[in-house]
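Colleague: Dropping in model35.cif, which is mmCIF, C-alpha atoms:
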data_input
loop_
_atom_site.group_PDB
_atom_site.id
_atom_site.type_symbol
_atom_site.label_atom_id
_atom_site.label_comp_id
_atom_site.auth_asym_id
_atom_site.auth_seq_id
_atom_site.Cartn_x
_atom_site.Cartn_y
_atom_site.Cartn_z
ATOM 1 C CA MET R 1 17.568 -38.416 10.833
ATOM 2 C CA THR R 2 16.611 -36.841 14.134
ATOM 3 C CA VAL R 3 15.782 -33.184 14.047
ATOM 4 C CA LEU R 4 16.640 -31.350 17.252
ATOM 5 C CA ASP R 5 14.016 -29.100 18.678
ATOM 6 C CA GLU R 6 15.536 -25.616 18.964
ATOM 7 C CA ARG R 7 14.102 -25.288 22.457
ATOM 8 C CA SER R 8 15.828 -28.463 23.712
ATOM 9 C CA ALA R 9 19.140 -27.991 21.952
ATOM 10 C CA PRO R 10 22.120 -27.533 24.291
ATOM 11 C CA THR R 11 23.521 -24.045 24.485
ATOM 12 C CA PRO R 12 27.226 -23.950 23.582
ATOM 13 C CA ASP R 13 29.251 -22.301 26.296
ATOM 14 C CA GLY R 14 32.862 -22.796 25.307
ATOM 15 C CA ILE R 15 35.475 -24.839 23.496
ATOM 16 C CA ASN R 16 35.156 -28.622 23.758
ATOM 17 C CA PRO R 17 38.746 -29.824 24.157
ATOM 18 C CA SER R 18 37.861 -33.317 22.873
ATOM 19 C CA ARG R 19 36.926 -31.878 19.462
ATOM 20 C CA ALA R 20 38.796 -28.606 19.048
ATOM 21 C CA ARG R 21 41.953 -28.793 16.967
ATOM 22 C CA ASP R 22 45.280 -27.751 18.450
ATOM 23 C CA VAL R 23 45.356 -24.493 16.525
ATOM 24 C CA VAL R 24 41.878 -23.589 17.816
ATOM 25 C CA ARG R 25 42.693 -24.418 21.444
ATOM 26 C CA ALA R 26 45.880 -22.367 21.180
ATOM 27 C CA LEU R 27 43.923 -19.468 19.729
ATOM 28 C CA TYR R 28 41.654 -19.280 22.773
ATOM 29 C CA SER R 29 44.244 -20.078 25.440
ATOM 30 C CA ARG R 30 45.214 -17.597 28.093
ATOM 31 C CA PRO R 31 48.794 -16.290 27.978
ATOM 32 C CA PRO R 32 51.294 -18.885 29.256
ATOM 33 C CA LEU R 33 52.853 -18.573 32.695
ATOM 34 C CA THR R 34 56.339 -17.053 32.530
ATOM 35 C CA ALA R 35 59.025 -15.929 34.943
ATOM 36 C CA ALA R 36 57.730 -12.370 34.537
ATOM 37 C CA ASP R 37 54.581 -13.416 36.439
ATOM 38 C CA LEU R 38 56.639 -14.312 39.498
ATOM 39 C CA SER R 39 58.092 -12.371 42.373
ATOM 40 C CA ALA R 40 60.652 -14.081 44.565
ATOM 41 C CA PRO R 41 61.019 -13.889 48.346
ATOM 42 C CA LEU R 42 64.415 -12.759 49.596
ATOM 43 C CA LEU R 43 65.276 -13.713 53.178
ATOM 44 C CA SER R 44 68.301 -11.619 54.106
ATOM 45 C CA LEU R 45 70.494 -13.334 56.707
ATOM 46 C CA PRO R 46 73.641 -12.218 58.542
ATOM 47 C CA ASP R 47 76.850 -13.161 56.779
ATOM 48 C CA ASP R 48 77.864 -15.360 59.701
ATOM 49 C CA ALA R 49 74.447 -16.973 60.179
ATOM 50 C CA GLU R 50 73.564 -20.575 59.482
ATOM 51 C CA GLY R 51 70.547 -21.270 57.335
ATOM 52 C CA LYS R 52 71.712 -20.033 53.932
ATOM 53 C CA GLY R 53 69.678 -21.990 51.398
ATOM 54 C CA ALA R 54 67.516 -23.597 54.086
ATOM 55 C CA LEU R 55 64.545 -22.086 52.286
ATOM 56 C CA PRO R 56 64.431 -20.780 48.712
ATOM 57 C CA GLY R 57 65.552 -17.180 48.740
ATOM 58 C CA ALA R 58 67.395 -17.473 52.069
ATOM 59 C CA VAL R 59 70.747 -15.801 51.379
ATOM 60 C CA GLN R 60 73.405 -13.986 53.343
ATOM 61 C CA LEU R 61 73.470 -10.226 52.906
ATOM 62 C CA SER R 62 76.730 -10.342 50.932
ATOM 63 C CA ASP R 63 75.062 -12.694 48.406
ATOM 64 C CA VAL R 64 72.104 -10.396 47.705
ATOM 65 C CA PRO R 65 73.549 -8.616 44.626
ATOM 66 C CA ALA R 66 74.469 -11.835 42.809
ATOM 67 C CA THR R 67 71.168 -13.478 43.717
ATOM 68 C CA VAL R 68 68.873 -10.702 42.518
ATOM 69 C CA SER R 69 70.967 -10.096 39.404
ATOM 70 C CA ARG R 70 70.520 -13.752 38.461
ATOM 71 C CA TRP R 71 66.764 -13.534 39.073
ATOM 72 C CA ALA R 72 66.528 -10.379 36.968
ATOM 73 C CA ASP R 73 68.423 -12.077 34.116
ATOM 74 C CA LEU R 74 65.848 -14.882 34.241
ATOM 75 C CA GLY R 75 62.999 -12.414 33.894
ATOM 76 C CA ILE R 76 61.720 -12.318 37.475
ATOM 77 C CA ARG R 77 60.515 -8.763 37.952
ATOM 78 C CA GLY R 78 59.794 -8.530 41.688
ATOM 79 C CA VAL R 79 61.293 -9.356 45.067
ATOM 80 C CA LYS R 80 59.754 -9.323 48.534
ATOM 81 C CA VAL R 81 62.345 -8.705 51.225
ATOM 82 C CA PHE R 82 62.418 -10.119 54.751
ATOM 83 C CA ALA R 83 65.338 -9.312 57.044
ATOM 84 C CA PHE R 84 66.744 -11.305 59.931
ATOM 85 C CA GLY R 85 66.567 -8.713 62.704
ATOM 86 C CA HIS R 86 69.413 -7.666 64.955
ATOM 87 C CA ASP R 87 69.740 -5.744 68.222
ATOM 88 C CA ARG R 88 66.365 -7.115 69.290
ATOM 89 C CA ASP R 89 64.638 -5.626 72.287
ATOM 90 C CA GLY R 90 61.145 -5.035 73.639
ATOM 91 C CA ASP R 91 60.702 -1.841 71.625
ATOM 92 C CA ALA R 92 62.055 -3.188 68.307
ATOM 93 C CA THR R 93 64.530 -0.302 68.144
ATOM 94 C CA GLY R 94 66.675 -2.208 65.631
ATOM 95 C CA ALA R 95 63.857 -1.932 63.099
ATOM 96 C CA THR R 96 64.324 1.835 62.891
ATOM 97 C CA ALA R 97 68.092 1.977 63.384
ATOM 98 C CA PRO R 98 69.923 3.680 60.489
ATOM 99 C CA GLY R 99 71.645 1.167 58.223
ATOM 100 C CA ASN R 100 69.962 -1.921 59.668
ATOM 101 C CA ARG R 101 69.954 -5.155 57.697
ATOM 102 C CA MET R 102 66.677 -4.400 55.914
ATOM 103 C CA ILE R 103 67.950 -1.006 54.752
ATOM 104 C CA ARG R 104 71.237 -2.445 53.529
ATOM 105 C CA THR R 105 69.415 -5.263 51.719
ATOM 106 C CA ILE R 106 67.105 -2.844 49.891
ATOM 107 C CA GLN R 107 70.056 -0.696 48.841
ATOM 108 C CA ALA R 108 72.121 -3.674 47.700
ATOM 109 C CA LEU R 109 69.158 -5.038 45.750
ATOM 110 C CA LYS R 110 68.406 -1.765 43.979
ATOM 111 C CA ASP R 111 72.078 -1.211 43.153
ATOM 112 C CA ALA R 112 72.284 -4.657 41.553
ATOM 113 C CA ALA R 113 68.855 -4.723 39.867
ATOM 114 C CA PRO R 114 67.421 -1.187 39.712
ATOM 115 C CA THR R 115 64.375 -2.174 37.624
ATOM 116 C CA THR R 116 63.262 -4.922 40.018
ATOM 117 C CA ALA R 117 60.128 -4.061 42.007
ATOM 118 C CA VAL R 118 60.982 -4.238 45.709
ATOM 119 C CA THR R 119 58.366 -4.938 48.388
ATOM 120 C CA THR R 120 59.384 -5.063 52.048
ATOM 121 C CA GLU R 121 57.952 -6.664 55.152
ATOM 122 C CA VAL R 122 56.870 -4.085 57.748
ATOM 123 C CA CYS R 123 56.398 -5.881 61.053
ATOM 124 C CA GLY R 124 57.909 -6.010 64.523
ATOM 125 C CA CYS R 125 58.363 -9.783 64.759
ATOM 126 C CA SER R 126 61.935 -9.800 63.367
ATOM 127 C CA TRP R 127 62.998 -7.013 65.701
ATOM 128 C CA THR R 128 61.327 -7.686 69.076
ATOM 129 C CA ASP R 129 63.070 -9.881 71.620
ATOM 130 C CA HIS R 130 59.721 -11.554 72.388
ATOM 131 C CA GLY R 131 59.078 -12.353 68.711
ATOM 132 C CA GLN R 132 55.685 -10.702 68.564
ATOM 133 C CA CYS R 133 54.469 -8.529 65.697
ATOM 134 C CA VAL R 134 53.326 -5.737 68.021
ATOM 135 C CA LEU R 135 54.671 -3.695 70.904
ATOM 136 C CA ARG R 136 53.228 -4.228 74.382
ATOM 137 C CA THR R 137 52.446 -2.010 77.342
ATOM 138 C CA ALA R 138 53.811 -2.724 80.815
ATOM 139 C CA ALA R 139 50.504 -4.440 81.549
ATOM 140 C CA GLY R 140 50.960 -6.756 78.556
ATOM 141 C CA ASP R 141 48.324 -5.199 76.305
ATOM 142 C CA ILE R 142 48.967 -4.252 72.685
ATOM 143 C CA ASP R 143 50.300 -0.707 72.576
ATOM 144 C CA LEU R 144 48.435 0.422 69.474
ATOM 145 C CA GLU R 145 49.911 3.901 69.140
ATOM 146 C CA ALA R 146 53.491 2.700 69.651
ATOM 147 C CA THR R 147 52.981 -0.105 67.129
ATOM 148 C CA TYR R 148 51.490 2.295 64.593
ATOM 149 C CA ARG R 149 54.463 4.649 65.011
ATOM 150 C CA LEU R 150 56.909 1.776 64.625
ATOM 151 C CA MET R 151 55.292 0.509 61.416
ATOM 152 C CA GLY R 152 54.987 4.016 59.961
ATOM 153 C CA THR R 153 58.640 4.795 60.650
ATOM 154 C CA MET R 154 59.756 1.458 59.198
ATOM 155 C CA ALA R 155 57.727 2.062 56.042
ATOM 156 C CA VAL R 156 59.218 5.526 55.499
ATOM 157 C CA MET R 157 62.765 4.258 56.049
ATOM 158 C CA HIS R 158 62.211 1.420 53.566
ATOM 159 C CA ALA R 159 60.839 3.874 50.996
ATOM 160 C CA GLU R 160 63.805 6.186 51.451
ATOM 161 C CA ALA R 161 66.148 3.232 50.930
ATOM 162 C CA GLY R 162 64.468 2.434 47.605
ATOM 163 C CA ALA R 163 61.461 0.200 48.316
ATOM 164 C CA ASP R 164 58.656 0.498 45.769
ATOM 165 C CA CYS R 165 55.985 -1.045 47.970
ATOM 166 C CA VAL R 166 55.677 -1.908 51.669
ATOM 167 C CA SER R 167 53.787 -4.845 53.125
ATOM 168 C CA PRO R 168 52.442 -4.407 56.668
ATOM 169 C CA THR R 169 52.085 -7.938 58.005
ATOM 170 C CA ALA R 170 50.939 -7.488 61.598
ATOM 171 C CA MET R 171 47.228 -7.802 60.663
ATOM 172 C CA LEU R 172 46.383 -5.024 63.113
ATOM 173 C CA ASP R 173 43.359 -2.838 62.373
ATOM 174 C CA GLY R 174 44.453 0.771 61.923
ATOM 175 C CA SER R 175 47.989 -0.150 60.889
ATOM 176 C CA ILE R 176 47.391 0.240 57.157
ATOM 177 C CA GLN R 177 46.008 3.729 57.614
ATOM 178 C CA ALA R 178 48.963 4.626 59.864
ATOM 179 C CA VAL R 179 51.462 3.381 57.260
ATOM 180 C CA ARG R 180 49.708 5.150 54.389
ATOM 181 C CA GLN R 181 49.577 8.428 56.307
ATOM 182 C CA ALA R 182 53.248 8.166 57.299
ATOM 183 C CA LEU R 183 54.317 7.568 53.696
ATOM 184 C CA ASP R 184 52.200 10.445 52.410
ATOM 185 C CA ALA R 185 53.482 12.835 55.071
ATOM 186 C CA ALA R 186 57.073 11.968 54.111
ATOM 187 C CA GLY R 187 56.391 12.624 50.428
ATOM 188 C CA HIS R 188 56.223 8.973 49.333
ATOM 189 C CA ARG R 189 52.743 9.027 47.814
ATOM 190 C CA ASP R 190 53.900 6.785 44.975
ATOM 191 C CA VAL R 191 55.025 3.960 47.293
ATOM 192 C CA GLY R 192 52.352 1.254 47.442
ATOM 193 C CA VAL R 193 50.900 -0.420 50.527
ATOM 194 C CA ASN R 194 50.293 -4.161 50.191
ATOM 195 C CA PRO R 195 48.998 -5.636 53.472
ATOM 196 C CA ASN R 196 48.710 -9.314 54.325
ATOM 197 C CA LEU R 197 45.588 -11.397 54.501
ATOM 198 C CA ALA R 198 47.222 -14.133 56.550
ATOM 199 C CA ILE R 199 45.210 -17.223 57.443
ATOM 200 C CA HIS R 200 46.456 -19.148 60.464
ATOM 201 C CA THR R 201 48.393 -22.294 59.544
ATOM 202 C CA SER R 202 51.282 -24.448 60.709
ATOM 203 C CA LEU R 203 52.842 -23.942 57.259
ATOM 204 C CA TYR R 204 54.571 -20.788 58.536
ATOM 205 C CA GLY R 205 56.747 -22.929 60.835
ATOM 206 C CA PRO R 206 59.957 -23.260 58.755
ATOM 207 C CA PHE R 207 60.047 -19.518 58.064
ATOM 208 C CA LYS R 208 59.523 -18.620 61.724
ATOM 209 C CA THR R 209 62.274 -21.035 62.765
ATOM 210 C CA LEU R 210 64.783 -19.724 60.218
ATOM 211 C CA MET R 211 64.055 -16.049 60.859
ATOM 212 C CA GLN R 212 63.555 -16.520 64.618
ATOM 213 C CA THR R 213 60.145 -14.849 64.606
ATOM 214 C CA ASP R 214 58.238 -17.444 66.621
ATOM 215 C CA PRO R 215 56.751 -15.714 69.704
ATOM 216 C CA ARG R 216 58.590 -16.539 72.896
ATOM 217 C CA SER R 217 55.253 -17.410 74.505
ATOM 218 C CA GLY R 218 51.738 -17.940 73.209
ATOM 219 C CA HIS R 219 50.903 -17.525 69.528
ATOM 220 C CA ARG R 220 49.691 -14.852 67.119
ATOM 221 C CA ARG R 221 46.339 -16.314 66.093
ATOM 222 C CA GLY R 222 44.665 -13.120 67.264
ATOM 223 C CA LEU R 223 46.557 -11.297 64.496
ATOM 224 C CA GLN R 224 45.687 -13.862 61.827
ATOM 225 C CA LEU R 225 42.460 -15.018 60.197
ATOM 226 C CA GLU R 226 40.785 -18.185 61.422
ATOM 227 C CA PRO R 227 40.864 -21.020 58.853
ATOM 228 C CA GLY R 228 37.420 -22.235 59.941
ATOM 229 C CA ARG R 229 35.824 -19.125 58.442
ATOM 230 C CA ALA R 230 38.546 -18.182 55.997
ATOM 231 C CA GLN R 231 36.338 -16.984 53.167
ATOM 232 C CA GLN R 232 34.158 -14.679 55.240
ATOM 233 C CA ALA R 233 37.035 -13.388 57.366
ATOM 234 C CA THR R 234 39.259 -12.720 54.360
ATOM 235 C CA LEU R 235 36.614 -10.769 52.476
ATOM 236 C CA LEU R 236 35.798 -8.707 55.558
ATOM 237 C CA GLN R 237 39.458 -7.920 56.276
ATOM 238 C CA ALA R 238 40.116 -7.078 52.639
ATOM 239 C CA ARG R 239 37.372 -4.444 52.754
ATOM 240 C CA ARG R 240 38.926 -2.972 55.892
ATOM 241 C CA TRP R 241 42.391 -2.816 54.320
ATOM 242 C CA ILE R 242 41.099 -1.138 51.164
ATOM 243 C CA THR R 243 39.169 1.397 53.267
ATOM 244 C CA GLU R 244 42.351 2.151 55.229
ATOM 245 C CA GLY R 245 44.316 2.863 52.057
ATOM 246 C CA ALA R 246 45.721 -0.422 50.734
ATOM 247 C CA ASP R 247 46.644 -0.401 47.029
ATOM 248 C CA SER R 248 46.904 -4.181 46.657
ATOM 249 C CA LEU R 249 46.543 -7.312 48.798
ATOM 250 C CA THR R 250 48.544 -10.442 49.610
ATOM 251 C CA LEU R 251 46.795 -13.724 50.438
ATOM 252 C CA GLN R 252 48.614 -16.559 52.198
ATOM 253 C CA PRO R 253 48.937 -19.528 52.279
ATOM 254 C CA VAL R 254 47.502 -20.055 48.812
ATOM 255 C CA MET R 255 48.183 -23.778 48.404
ATOM 256 C CA THR R 256 45.308 -24.500 50.781
ATOM 257 C CA THR R 257 43.132 -21.444 50.087
ATOM 258 C CA GLY R 258 42.418 -21.499 46.364
ATOM 259 C CA ASP R 259 38.705 -21.170 47.132
ATOM 260 C CA VAL R 260 39.397 -18.025 49.165
ATOM 261 C CA LEU R 261 41.493 -16.572 46.344
ATOM 262 C CA VAL R 262 38.640 -17.036 43.869
ATOM 263 C CA ARG R 263 36.129 -15.366 46.192
ATOM 264 C CA LEU R 264 38.570 -12.536 46.892
ATOM 265 C CA ARG R 265 39.215 -11.992 43.166
ATOM 266 C CA ASP R 266 35.463 -11.871 42.491
ATOM 267 C CA GLU R 267 34.939 -9.130 45.064
ATOM 268 C CA GLN R 268 38.122 -7.036 44.942
ATOM 269 C CA LYS R 269 39.488 -5.476 41.767
ATOM 270 C CA VAL R 270 42.818 -4.352 43.239
ATOM 271 C CA PRO R 271 45.951 -6.365 42.393
ATOM 272 C CA ILE R 272 46.166 -9.571 44.441
ATOM 273 C CA VAL R 273 49.402 -11.376 45.252
ATOM 274 C CA ALA R 274 49.179 -15.125 45.845
ATOM 275 C CA TYR R 275 51.837 -16.030 48.403
ATOM 276 C CA SER R 276 53.166 -19.525 48.963
ATOM 277 C CA THR R 277 54.534 -19.975 52.476
ATOM 278 C CA SER R 278 57.605 -21.940 53.495
ATOM 279 C CA GLY R 279 55.745 -25.110 54.529
ATOM 280 C CA GLU R 280 54.341 -25.437 51.023
ATOM 281 C CA TRP R 281 57.831 -25.806 49.633
ATOM 282 C CA ALA R 282 58.228 -29.480 50.533
ATOM 283 C CA ALA R 283 54.925 -30.316 48.859
ATOM 284 C CA LEU R 284 55.889 -28.347 45.754
ATOM 285 C CA GLN R 285 59.271 -30.081 45.624
ATOM 286 C CA ALA R 286 57.554 -33.459 45.767
ATOM 287 C CA LEU R 287 55.483 -32.494 42.738
ATOM 288 C CA GLY R 288 58.573 -31.687 40.696
ATOM 289 C CA THR R 289 58.903 -28.845 38.209
ATOM 290 C CA PRO R 290 55.920 -29.851 35.997
ATOM 291 C CA GLY R 291 53.705 -30.070 39.072
ATOM 292 C CA MET R 292 54.896 -26.722 40.338
ATOM 293 C CA VAL R 293 54.149 -25.065 37.012
ATOM 294 C CA GLU R 294 50.640 -26.549 37.147
ATOM 295 C CA TYR R 295 50.218 -25.231 40.676
ATOM 296 C CA LEU R 296 51.310 -21.745 39.710
ATOM 297 C CA ALA R 297 49.066 -21.824 36.660
ATOM 298 C CA MET R 298 46.161 -22.713 38.966
ATOM 299 C CA LEU R 299 46.821 -19.572 40.964
ATOM 300 C CA VAL R 300 46.781 -17.476 37.804
ATOM 301 C CA ARG R 301 43.489 -19.074 36.735
ATOM 302 C CA ALA R 302 42.095 -18.411 40.198
ATOM 303 C CA GLY R 303 42.603 -14.718 39.634
ATOM 304 C CA ALA R 304 45.973 -13.760 41.104
ATOM 305 C CA ASP R 305 47.552 -10.834 39.263
ATOM 306 C CA GLN R 306 50.971 -11.780 40.547
ATOM 307 C CA VAL R 307 52.234 -15.091 41.899
ATOM 308 C CA LEU R 308 54.641 -14.489 44.788
ATOM 309 C CA THR R 309 55.919 -17.915 45.733
ATOM 310 C CA PHE R 310 58.775 -19.879 47.162
ATOM 311 C CA ALA R 311 58.505 -22.004 44.027
ATOM 312 C CA ALA R 312 59.824 -19.043 42.077
ATOM 313 C CA GLN R 313 63.417 -19.979 42.745
ATOM 314 C CA THR R 314 62.933 -23.512 41.455
ATOM 315 C CA VAL R 315 61.239 -22.210 38.315
ATOM 316 C CA ALA R 316 64.175 -19.830 37.905
ATOM 317 C CA GLU R 317 66.698 -22.623 38.383
ATOM 318 C CA HIS R 318 64.809 -24.758 35.862
ATOM 319 C CA LEU R 319 64.901 -21.915 33.322
ATOM 320 C CA GLU R 320 68.598 -21.355 33.968
ATOM 321 C CA ALA R 321 69.403 -25.049 33.558
ATOM 322 C CA ASN R 322 67.527 -25.208 30.256
ATOM 323 C CA ARG R 323 69.292 -22.070 29.030
ATOM 324 C CA ALA R 324 72.667 -23.593 29.924
#
Just dump the structure as structure tokens.
Modeller:
Amino acid sequence: MTVLDERSAPTPDGINPSRARDVVRALYSRPPLTAADLSAPLLSLPDDAEGKGALPGAVQLSDVPATVSRWADLGIRGVKVFAFGHDRDGDATGATAPGNRMIRTIQALKDAAPTTAVTTEVCGCSWTDHGQCVLRTAAGDIDLEATYRLMGTMAVMHAEAGADCVSPTAMLDGSIQAVRQALDAAGHRDVGVNPNLAIHTSLYGPFKTLMQTDPRSGHRRGLQLEPGRAQQATLLQARRWITEGADSLTLQPVMTTGDVLVRLRDEQKVPIVAYSTSGEWAALQALGTPGMVEYLAMLVRAGADQVLTFAAQTVAEHLEANRA
């Protein structure tokens, strides 16, 4: 019989799945992924608009109550709202018009599912006639002060309509501080600020087409993080957002940035939302429901506190079908 030298013996560092019995593996498993870990995107469209169902969560305004009630019944506890803008012009005046589509969507959602956590997009791209996230001066430069005022006013209006959290998505330095200050000044200190960490990708294409947010000319890479240095840029921007007053962070697109999510989780202890963009949907569909569940579980293992994903609707539909 060979006697192992204590000094050369391997150091155990975990459960060996080839030897551990089922009951032991179950004992040390992390909690299973459930619908309560998901938050669904809600793309609010005009009642006469085409595109209903073109992407998961794309519904006409009149269908919002039934949609969110069904999600709530399935255990989905959060919704992130995007609104198809109207009355678009160079100053995005529709974004701050009383009773605009975003306001009506928030109100309809809260009336139908009052315990659902509502996060809203705060950005100019749905409301400007040029499709850009920011307002411009006559010379074509970014008008920082006007953009800050726009985002602050939008955030306050969303909070007054019932939003629990607002998500500034313009990726403009100073905007998070402006939104936080506007909310505080209006007495909404308990409304969270969850800014984007958006890495440039072509995966945003289907969403921009459906919501008509593609810039009329040029692109918005200057307001997104470069994929070639995604880890460094994301960590740097996250520090800026936290310093400006962010309470949590959203990373997108997560299907291609799992490495970034892990690095971000290691450094930041605030809640992190892992967001799957519209172009990921086709890939997730091709995987089927078991593949999608594995994908979502990967995001949880990578350190996301909440998985906000376009796969949420398919998981919900799968749960509903099994219940039926």
Colleague: I want to know what sits within 10 Å of Lys208 in chain R, based on all atoms listed in the file, with residues of the same chain fewer than 4 positions away left out; could you give that as a list in words?
Modeller: Cys125, Ser126, Gly131, Leu203, Tyr204, Gln212, Thr213, Asp214, Pro215 and Ser278 of chain R
Colleague: Between R:Gln181, R:Gln132, R:Tyr148, R:Thr105, which residue has the minimum interatomic distance to Ala161 in chain R, considering all atoms listed in the file?
Modeller: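 Among R:Gln181, R:Gln132, R:Tyr148, R:Thr105, it is R:Thr105 that comes nearest to Ala161 in chain R.
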Colleague: Any chance you could work out the residue set of the PyMOL selection byres ((chain R and resi 34-43) around 6) here, as a ChimeraX atom specification?
Modeller: /R:33,44,57-58,75-83,306-308,312
Colleague: What does the structure give for the distance between CA of Arg180 in chain R and CA of Gly162 in chain R, in Å to one decimal?
Modeller: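 The value is 16.5 Å.
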Colleague: Which distance in Å separates CA of Val118 in chain R and CA of Thr257 in chain R, to one decimal?
Modeller: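 Value for the CA of Val118 in chain R-CA of Thr257 in chain R distance: 25.2 Å.
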Colleague: Translate the PyMOL selection byres ((chain R and resi 290-294) around 10) into a concrete residue list for this structure, as a list of chain:residue names.
Modeller: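 Selection result, ordered by chain and number: R:Leu33, R:Thr34, R:Trp281, R:Ala283, R:Leu284, R:Gln285, R:Ala286, R:Leu287, R:Gly288, R:Thr289, R:Tyr295, R:Leu296, R:Ala297, R:Met298, R:Leu299, R:Val300, R:Ala311, R:Ala312, R:Thr314, R:Val315.
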Colleague: May I ask for the distance between CA of Thr67 in chain R and CA of Phe84 in chain R, given in Å to one decimal place?
Modeller: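 Value for the CA of Thr67 in chain R-CA of Phe84 in chain R distance: 16.9 Å.
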Colleague: Run the PyMOL selection byres ((chain R and resi 265) around 12) against the file shown and list the residues it catches, as number ranges by chain.
Modeller: R: 231, 234-235, 238, 248-251, 258-264, 266-274, 299-305
Colleague: Choose the residue, out of R:Val64, R:Ala139, R:Ala155, R:Asp91, that has the smallest atom-to-atom separation from Ala113 in chain R; count all atoms listed in the file.
Modeller: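 Among R:Val64, R:Ala139, R:Ala155, R:Asp91, it is R:Val64 that comes nearest to Ala113 in chain R.
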Colleague: Have a look at R:Glu160, R:Asp89, R:Asp73, R:Asp63 and name the one nearest to Ala186 in chain R; count only C-alpha atoms.
Modeller: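 Checking each candidate against Ala186 in chain R, we get R:Glu160 as the closest.
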Colleague: Measuring atom to atom with all atoms listed in the file, identify which of R:Ala54, R:Ala282, R:Ala163, R:Ala97 is nearest to Phe207 in chain R.
Modeller: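 The answer is R:Ala54, which sits nearest to Phe207 in chain R.
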Colleague: Could you pull the residues within 9 Å of Glu244 in chain R, counting only C-alpha atoms, minus those fewer than 2 positions along the same chain, as a count of residues only?
Modeller: 12
Colleague: Let me have the centre and edge lengths in Å, one decimal, of the box along x, y and z around every listed atom of range 241-253 of chain R with 3 Å of margin on each side, as AutoDock Vina command-line options.
Modeller:
--center_x 44.1 --center_y -8.3 --center_z 50.9 --size_x 15.8 --size_y 28.4 --size_z 14.6
Colleague: My list of candidates is R:Gly85, R:Gly187, R:Pro253, R:Gly124. Which is closest to Leu210 in chain R when distances are computed with all atoms listed in the file?
Modeller: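 That would be R:Gly85, the residue with the smallest distance to Leu210 in chain R.
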Colleague: Since the input is missing atoms, can you rebuild all heavy atoms for range 107-111 of chain R and write them as a JSON list (two decimals), keeping the file's coordinate frame?
Modeller:
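Writing the result to rebuild_8.json gives the following:
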[["chain", "number", "residue", "atom", "x", "y", "z"],
["R", 107, "GLN", "N", 69.08, -1.46, 49.61],
["R", 107, "GLN", "CA", 70.06, -0.70, 48.84],
["R", 107, "GLN", "C", 70.90, -1.60, 47.95],
["R", 107, "GLN", "O", 71.14, -1.27, 46.78],
["R", 107, "GLN", "CB", 70.94, 0.10, 49.80],
["R", 107, "GLN", "CG", 70.19, 1.21, 50.54],
["R", 107, "GLN", "CD", 71.00, 1.82, 51.67],
["R", 107, "GLN", "OE1", 71.96, 1.23, 52.18],
["R", 107, "GLN", "NE2", 70.63, 3.04, 52.06],
["R", 108, "ALA", "N", 71.32, -2.74, 48.49],
["R", 108, "ALA", "CA", 72.12, -3.67, 47.70],
["R", 108, "ALA", "C", 71.31, -4.24, 46.54],
["R", 108, "ALA", "O", 71.81, -4.40, 45.42],
["R", 108, "ALA", "CB", 72.63, -4.82, 48.59],
["R", 109, "LEU", "N", 70.03, -4.50, 46.78],
["R", 109, "LEU", "CA", 69.16, -5.04, 45.75],
["R", 109, "LEU", "C", 68.96, -4.03, 44.62],
["R", 109, "LEU", "O", 69.09, -4.36, 43.44],
["R", 109, "LEU", "CB", 67.82, -5.40, 46.41],
["R", 109, "LEU", "CG", 66.85, -6.34, 45.69],
["R", 109, "LEU", "CD1", 65.80, -6.85, 46.67],
["R", 109, "LEU", "CD2", 66.17, -5.67, 44.51],
["R", 110, "LYS", "N", 68.64, -2.79, 45.00],
["R", 110, "LYS", "CA", 68.41, -1.76, 43.98],
["R", 110, "LYS", "C", 69.68, -1.41, 43.21],
["R", 110, "LYS", "O", 69.62, -1.09, 42.02],
["R", 110, "LYS", "CB", 67.81, -0.52, 44.64],
["R", 110, "LYS", "CG", 66.31, -0.60, 44.86],
["R", 110, "LYS", "CD", 65.56, -0.70, 43.53],
["R", 110, "LYS", "CE", 64.06, -0.53, 43.70],
["R", 110, "LYS", "NZ", 63.35, -0.62, 42.40],
["R", 111, "ASP", "N", 70.82, -1.47, 43.86],
["R", 111, "ASP", "CA", 72.08, -1.21, 43.15],
["R", 111, "ASP", "C", 72.34, -2.29, 42.10],
["R", 111, "ASP", "O", 72.82, -2.00, 41.00],
["R", 111, "ASP", "CB", 73.24, -1.17, 44.14],
["R", 111, "ASP", "CG", 73.27, 0.11, 44.97],
["R", 111, "ASP", "OD1", 72.58, 1.08, 44.59],
["R", 111, "ASP", "OD2", 73.97, 0.12, 46.01]]
